[in-house]
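*Asks:* Take this structure, written in structure tokens, and hold onto it; I'll ask about it next.
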Amino acid sequence: MMRLHRNLCFTVIDSLGFIFNDGEYADKVVARALKKDKRWGSADRKFVAETIYEIVRWKRLYAEIAEVKEPYDRDNLWRIFAVWAVLRGITLPDWKYFEDTPVRRIKGRFDELSRIRKYRESIPDWMDELGVKELGEAKWEKEIAAQNEQAKVILRVNTLKTTREKLRAILMDLNIDTEVLKDYPDALVLKERANVFLTDAFKEGLFEVQDASSQLVARFLDVEPGMRVVDTCAGAGGKTLHISALMENKGQLIAMDLYESKLKQLKIRAKRDSAFNIEYRIIDSTKVIKKLHEKADRVLIDAPCSGLGVLKRNPDSKWKLQPEFVDNIRKTQAEVLESYSKIVKPGGKLVYATCSVLPSENEQQVKHFLTTDIGKEFTFVKENKVLASQSGFDGFYMALLERKK
């Protein structure tokens, strides 16, 4: 039976305060929490990380059961924690925080609230309404349930340095057991969660951590060695690095982003991965884009989006995301498509991708784009709508368009 340890629980409570009350990002808070005590073993660290994420994921449900309102004071956070523990079947120790915990009432309220989707799936009202509006009740119900499952850890083999079989064997020697995935040639799925970043295999650049759905995007772009390819929203470069590997380091890959800090991260990763055909450009003016007009064989627009396909990976975005942001991001998507598509040369190809499952950010954006002046120069080739509920991985969208010769 699991025993609760005081210092671990205190760390969880502190962390929840930072996330819920101070608006900090869960991944940053967890990373900081795990550095707190050098003496913690892997089981302790696992408890801290997973408990924080669990409570973030089910925040609305737990707070409703605990009958507490934001902003949460420390007593409120302990009440939420007690709900988590009771529902996990953990016997509460006789600490003062748990003195009045109504165990039976918690279980009763859980059964009651679980009949209502917005509580059961622990999402804000507006998100539930939007999901129903865009996907229909039946599809949304399945999708949001899938988005609340814990994400698997998936590696992308860096084929510039090794093969899938070799990497599997190397990890096997470290007692990290992986499985291959049929339709994802570069992916390995961890059978159990492990901190792969500590391995020499990672430090030597033999793999990156990247969801299976995200790994579909670079392949969708249909790149070949020797081409000129532009990744217009490269960010920290998960897809850029995959494209570089598919190009076998041959040709020119231009990674662009608005933020220099992201491209700096990408540079570090590229060095580790021996991805040498990448050039970096910060989009600090419209000139940067104009210079590239009609110059690229392939263009990836991995557009900014609501992230409503990757909630299992970022459960705190259920609370950080605001409906206004989703409205504004659609405008941004349309602008980005119109502007960056001009980089594609006649006969070249473009992929528009998001990590959202909302048609308004996906196929409807593409449809609208094809009616614009620049969009009329493109033909629609194919699309892939990836739902978490169908794939078991992140929700994603990608469309392939070709510029007429």
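Identifiers in this document derive from the order of the structure tokens: chains are assigned A, B, ..., residues are numbered from 1 separately in each chain, and ligands are numbered from 1 in order of occurrence.
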For Val30 in chain A, please output as a VMD selection string all residues within 10 Å (counting only C-alpha atoms; exclusion window: fewer than 2 positions along the same chain).
*Replies:* chain A and resid 11 to 12 15 to 16 19 25 to 28 32 to 35 45 48 to 50 52 to 53
*Asks:* Excluding range 111-128 of chain A and any residue of its chain fewer than 3 positions from it, enumerate the residues within 9 Å of it, using only C-alpha atoms, and give them as number ranges by chain.
*Replies:* A: 57-62, 64-65, 106-108, 131-133, 140-141, 144-145, 147-148, 318-319, 322-323
*Asks:* Tell me, as a PDB file with N, CA and C atoms, in the first residue's frame, which residues lie within 12 Å of Lys182 in chain A, counting only C-alpha atoms; anything in the same chain fewer than 6 positions away does not count.
*Replies:*
ATOM      1  N   LEU A 188       9.933   4.681 -31.745  1.00  0.00           N
ATOM      2  CA  LEU A 188      10.004   3.619 -30.729  1.00  0.00           C
ATOM      3  C   LEU A 188       9.174   4.075 -29.532  1.00  0.00           C
ATOM      4  N   VAL A 189       8.303   3.215 -29.038  1.00  0.00           N
ATOM      5  CA  VAL A 189       7.470   3.554 -27.884  1.00  0.00           C
ATOM      6  C   VAL A 189       8.037   2.888 -26.640  1.00  0.00           C
ATOM      7  N   ALA A 212       4.296  10.320 -31.826  1.00  0.00           N
ATOM      8  CA  ALA A 212       4.133   9.606 -33.100  1.00  0.00           C
ATOM      9  C   ALA A 212       3.370  10.443 -34.132  1.00  0.00           C
TER      10      ALA A 212
END
*Asks:* Quick one: DSSP strand (DSSP E or B) residues in range 167-306 of chain A, as a ChimeraX atom specification?
*Replies:* /A:178-181,184-190,207-209,228-231,252-257,278-282,296-302
*Asks:* Counting only C-alpha atoms, what is within 9 Å of Ile243 in chain A, bar same-chain residues fewer than 6 positions away, as a list in words?
*Replies:* Ala218, Arg219, Leu221, Val223, Val229, Asp231, Asn249 and Leu253 of chain A
*Asks:* Please save C-alpha atoms of the selected residues as a PDB file, in the first residue's frame.
*Replies:*
ATOM      1  CA  ALA A 218       7.869  15.712 -41.868  1.00  0.00           C
ATOM      2  CA  ARG A 219       7.110  12.611 -43.950  1.00  0.00           C
ATOM      3  CA  LEU A 221       6.094  16.999 -46.707  1.00  0.00           C
ATOM      4  CA  VAL A 223      11.214  15.884 -48.955  1.00  0.00           C
ATOM      5  CA  VAL A 229      13.168  23.243 -47.703  1.00  0.00           C
ATOM      6  CA  ASP A 231      10.333  25.283 -41.936  1.00  0.00           C
ATOM      7  CA  ASN A 249      21.823  16.212 -44.395  1.00  0.00           C
ATOM      8  CA  LEU A 253      16.966  23.472 -44.739  1.00  0.00           C
TER       9      LEU A 253
END
*Asks:* Please provide as a list of chain:residue names all residues within 12 Å of Phe380 in chain A, with the sequence filter that same-chain residues fewer than 2 positions apart are discarded (counting only C-alpha atoms).
*Replies:*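 Neighbouring residues, sequence-local ones excluded: A:Lys349, A:Leu350, A:Val351, A:Tyr352, A:Glu363, A:Val366, A:Lys367, A:His368, A:Phe369, A:Leu370, A:Thr371, A:Gly375, A:Lys376, A:Glu377, A:Phe378, A:Lys382, A:Glu383, A:Met398, A:Ala399, A:Leu400, A:Leu401, A:Glu402, A:Arg403, A:Lys404.
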*Asks:* Work out how far apart CA of Arg281 in chain A and CA of Leu258 in chain A are and give it in Å to one decimal.
*Replies:*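 Separating CA of Arg281 in chain A from CA of Leu258 in chain A is a distance of 8.7 Å.
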*Asks:* May I have the residues within 12 Å of Asn277 in chain A as a list in words, using only C-alpha atoms and disregarding those fewer than 4 positions away in the same chain?
*Replies:*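 That gives Leu160, Pro225, Gly226, Met227, Arg228, Val229, Val230, Thr240, Leu241, His242, Ile243, Ser244, Ala245, Leu246, Met247, Glu248, Asn249, Lys250, Gly251, Gln252, Leu253, Ile254, Ala255, Lys267, Ala270, Lys271 and Asp273 of chain A.
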*Asks:* Running DSSP on the backbone, which parts of range 164-283 of chain A land in helix (DSSP H, G or I), as a PyMOL selection string?
*Replies:* chain A and resi 164-173+196-198+200-203+212-220+238-246+260-273
*Asks:* Please, what distance in Å, to one decimal, runs between CA of Gly237 in chain A and CA of Cys355 in chain A?
*Replies:*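 It comes out at 14.6 Å.
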*Asks:* For CA of Asp94 in chain A and CA of Asp14 in chain A, quote the distance in Å rounded to one decimal.
*Replies:*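 Interatomic distance, CA of Asp94 in chain A to CA of Asp14 in chain A: 20.1 Å.
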*Asks:* Residues within 10 Å of Gly307 in chain A, please, as an MDAnalysis selection string. Count only C-alpha atoms; anything in the same chain fewer than 4 positions from it doesn't count.
*Replies:* chainID A and resid 311 313:314 317:318 321 326 354:358 394:396
*Asks:* Considering only C-alpha atoms, can you say which of A:Lys290, A:Lys142, A:Arg298, A:Lys69 comes closest to Ser339 in chain A?
*Replies:* A:Lys290
*Asks:* Tell me which of A:Arg272, A:Asp200, A:Thr159, A:Glu149 sits closest to Asp173 in chain A, counting only C-alpha atoms.
*Replies:*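 With only C-alpha atoms as the atom set, the closest residue is A:Asp200.
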*Asks:* How close does each residue of range 185-243 of chain A get to range 38-44 of chain A, giving the shortest atom pair and distance in Å to one decimal for every residue with an atom at most 12 Å away, counting only C-alpha atoms, sorted by chain and residue number, as JSON lines?
*Replies:*
{"residue": "A:Arg193", "atom": "CA", "partner": "A:Ser42", "partner_atom": "CA", "distance": 11.4}
{"residue": "A:Ala194", "atom": "CA", "partner": "A:Ser42", "partner_atom": "CA", "distance": 9.5}
{"residue": "A:Asn195", "atom": "CA", "partner": "A:Ser42", "partner_atom": "CA", "distance": 9.4}
*Asks:* Write a file of the selected residues as an mmCIF file, in the first residue's frame, keeping N, CA, C and O atoms.
*Replies:*
data_model
loop_
_atom_site.group_PDB
_atom_site.id
_atom_site.type_symbol
_atom_site.label_atom_id
_atom_site.label_comp_id
_atom_site.auth_asym_id
_atom_site.auth_seq_id
_atom_site.Cartn_x
_atom_site.Cartn_y
_atom_site.Cartn_z
ATOM 1 N N ARG A 193 7.446 4.307 -18.617
ATOM 2 C CA ARG A 193 8.077 5.633 -18.604
ATOM 3 C C ARG A 193 9.466 5.543 -17.976
ATOM 4 O O ARG A 193 9.670 4.836 -17.010
ATOM 5 N N ALA A 194 10.409 6.268 -18.576
ATOM 6 C CA ALA A 194 11.768 6.322 -18.025
ATOM 7 C C ALA A 194 12.360 7.658 -18.398
ATOM 8 O O ALA A 194 11.958 8.258 -19.399
ATOM 9 N N ASN A 195 13.310 8.139 -17.604
ATOM 10 C CA ASN A 195 13.951 9.404 -17.955
ATOM 11 C C ASN A 195 15.055 9.165 -18.973
ATOM 12 O O ASN A 195 16.216 8.960 -18.628
#
